[in-house]
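Structure record follows, encoded as structure tokens.
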Amino acid sequence: MLRLPAGNPSPWTGPGGNNTYLLEGAVPTLIDAGVGEPAHLAALEAALDRRPLAQILVTHSHPDHVDGVPALLRRWPQVIIRNALGDSCRDGEVIAAGDGHLVAVHTPGHAPDHFCFFDPETREVYCGDLARLGGTIVIPASKGGDLRQYLDALRRIRALAPSGLLPGHGPTIDDVDGVIGEYLQHRADREQQILEILRGGPHSVEQIVGAIYTGLDPSVLRAAADSVLAHLIKLREDGLARESAAGWAAV
């Protein structure tokens, strides 16, 4: 397996930009498509050493993971695209990739179409935006994100007992159980923090964001608001919060 940076660094994607992964072998397979940066395409072409790219497995349809598909199709018109362009993976589907196979695991929450790809031989999981070191994952409620599904997805991947997580951003995660445990605890703590704010009276999403977050890069404020909304929706489903014209409040 070869990690190929997508060449799109930003506060959102991290200093190295997205990770894409090339599985060489009988079925050369790229996991995630990047954004079509020429340097990424050149590195991929060099790694393939004149062999054709056979397949692209997209973890989910957010732009930084899928926007490179058109450029890759122009370079390799016969490449098979999975989990994009209307060709969805199936939960539990076994897909030939490289010299082995990957199991598609549906893990919605960050996005409705989010999949992880589990290698049963190495027990590694290509986890897209399920987790990353040094930060949390946005749950974009306004774009189909669902916090309850995300928490279930974390538990499902942890139950596979992976040897490591290969994320869409940042370095490999070796302490899978520890990191997922931290993620679950962080979300539980955030839920209680929001609930405590709501007990003080009605608040807008923006007011809650201002009370919780300080020093955020302006480019990620909208994402923070979306994650707060995801928590509020879950609290409403749990009968702990309600929304009115005055804002969100505890029940």
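Lettering and numbering for the structure tokens are positional, with chains as A, B, ... in the shown order, residues counted from 1 in each chain, and ligands counted from 1 in the shown order.
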
Backbone DSSP call of strand (DSSP E or B) for range 25-86 of chain A, listed as a PyMOL selection string: chain A and resi 27+29-31+55-57+80-82+84

Polymer residues at most 9 Å from range 217-223 of chain A, only C-alpha atoms, same-chain spacing of 5 or more positions, as a CSV table (one decimal) with N, CA and C atoms, in the first residue's frame:
chain,number,residue,atom,x,y,z
A,11,PRO,N,-6.8,24.7,6.2
A,11,PRO,CA,-7.2,24.4,7.6
A,11,PRO,C,-8.2,23.3,7.7
A,12,TRP,N,-9.0,23.1,6.7
A,12,TRP,CA,-10.0,22.1,6.7
A,12,TRP,C,-9.5,20.7,6.5
A,138,VAL,N,-16.3,16.5,11.9
A,138,VAL,CA,-17.5,17.3,11.8
A,138,VAL,C,-18.7,16.4,11.5
A,139,ILE,N,-19.8,16.6,12.1
A,139,ILE,CA,-21.1,15.9,11.7
A,139,ILE,C,-22.0,17.0,11.1
A,140,PRO,N,-21.9,17.1,9.8
A,140,PRO,CA,-22.7,18.2,9.1
A,140,PRO,C,-24.2,18.0,9.0
A,209,VAL,N,-22.4,27.9,19.8
A,209,VAL,CA,-21.1,27.9,19.2
A,209,VAL,C,-20.1,28.9,19.9
A,228,VAL,N,-22.8,21.3,16.2
A,228,VAL,CA,-23.7,21.6,17.4
A,228,VAL,C,-25.1,21.3,17.0

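Nearest residue to Cys116 in chain A among A:Leu57, A:Ala47, A:Val66, A:Ala42 is A:Leu57, counting only C-alpha atoms.
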
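Comparing the minimum interatomic distances between Ile56 in chain A and each of A:Leu73, A:Ala43, A:Leu198, A:Leu30, counting only C-alpha atoms, we find that A:Leu30 sits nearest.
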
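Residue neighbourhood of Ala84 in chain A, excluding near-sequence residues (fewer than 4 positions): Val58, His60, Ser61, Val66 and Ser88 of chain A, at 8 Å, using only C-alpha atoms.
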
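Shortest atom-to-atom contact with Gly200 in chain A among A:Gly239, A:Gly247, A:Gly135, A:Pro167: A:Gly247, counting only C-alpha atoms.
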
All helix (DSSP H, G or I) positions in range 10-195 of chain A, as a VMD selection string: chain A and resid 38 to 48 63 to 66 69 to 75 141 to 143 147 to 159 176 to 195

Two-atom distance - CA of Arg155 in chain A, CA of Pro5 in chain A (Å): 28.0 Å

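With only C-alpha atoms as the atoms that count, the residue of A:Arg132, A:Arg90, A:His203, A:Lys234 with the shortest distance to Asn19 in chain A is A:Arg132.
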
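The spacing separating CA of Asp87 in chain A from CA of Pro63 in chain A amounts to 16.7 Å.
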
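For the choices A:Leu151, A:Ala104, A:Ala71, A:Ala246, the atom-to-atom distance to Asn83 in chain A is smallest for A:Ala104 when using only C-alpha atoms.
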
Surrounding residues of Gly100 in chain A excluding itself and chain neighbours under 4 positions, 9 Å, only C-alpha atoms, as a list in words: Gly25, Ala26, Val27, Ile95, Ala96, Asp119 and Glu121 of chain A

Non-local contacts of Arg199 in chain A (12 Å; only C-alpha atoms; under 6 positions in same chain excluded) as a ChimeraX atom specification: /A:192-193,208,240-242,248-251

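CA of Val79 in chain A is found 19.5 Å from CA of Val103 in chain A.
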
Long-range neighbours of Asp152 in chain A as an MDAnalysis selection string, 9 Å cut-off, only C-alpha atoms, 5 positions minimum in chain: chainID A and resid 107:109 147 157

Selected residue of minimal separation from Asp177 in chain A among A:Met1, A:Cys127, A:Leu154, A:Ile197, counting only C-alpha atoms: A:Leu154

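Residues with any atom within 7 Å of Ala141 in chain A, counting only C-alpha atoms and excluding same-chain neighbours fewer than 5 positions away, are Asp146, Asp226, Ser227, Leu229 and Ala230 of chain A.
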
Can I get the selection written as a PDB file, in the first residue's frame, with N, CA and C atoms?
ATOM      1  N   ASP A 146     -25.431  12.748  10.766  1.00  0.00           N
ATOM      2  CA  ASP A 146     -26.303  12.221  11.820  1.00  0.00           C
ATOM      3  C   ASP A 146     -25.419  11.727  12.961  1.00  0.00           C
ATOM      4  N   ASP A 226     -22.635  23.256  12.433  1.00  0.00           N
ATOM      5  CA  ASP A 226     -23.291  22.046  11.947  1.00  0.00           C
ATOM      6  C   ASP A 226     -23.182  20.908  12.959  1.00  0.00           C
ATOM      7  N   SER A 227     -22.021  20.776  13.597  1.00  0.00           N
ATOM      8  CA  SER A 227     -21.854  19.728  14.596  1.00  0.00           C
ATOM      9  C   SER A 227     -22.699  20.004  15.836  1.00  0.00           C
ATOM     10  N   LEU A 229     -25.539  21.574  15.784  1.00  0.00           N
ATOM     11  CA  LEU A 229     -26.896  21.229  15.360  1.00  0.00           C
ATOM     12  C   LEU A 229     -27.124  19.726  15.419  1.00  0.00           C
ATOM     13  N   ALA A 230     -26.106  18.947  15.042  1.00  0.00           N
ATOM     14  CA  ALA A 230     -26.239  17.486  15.110  1.00  0.00           C
ATOM     15  C   ALA A 230     -26.485  17.033  16.548  1.00  0.00           C
TER      16      ALA A 230
END
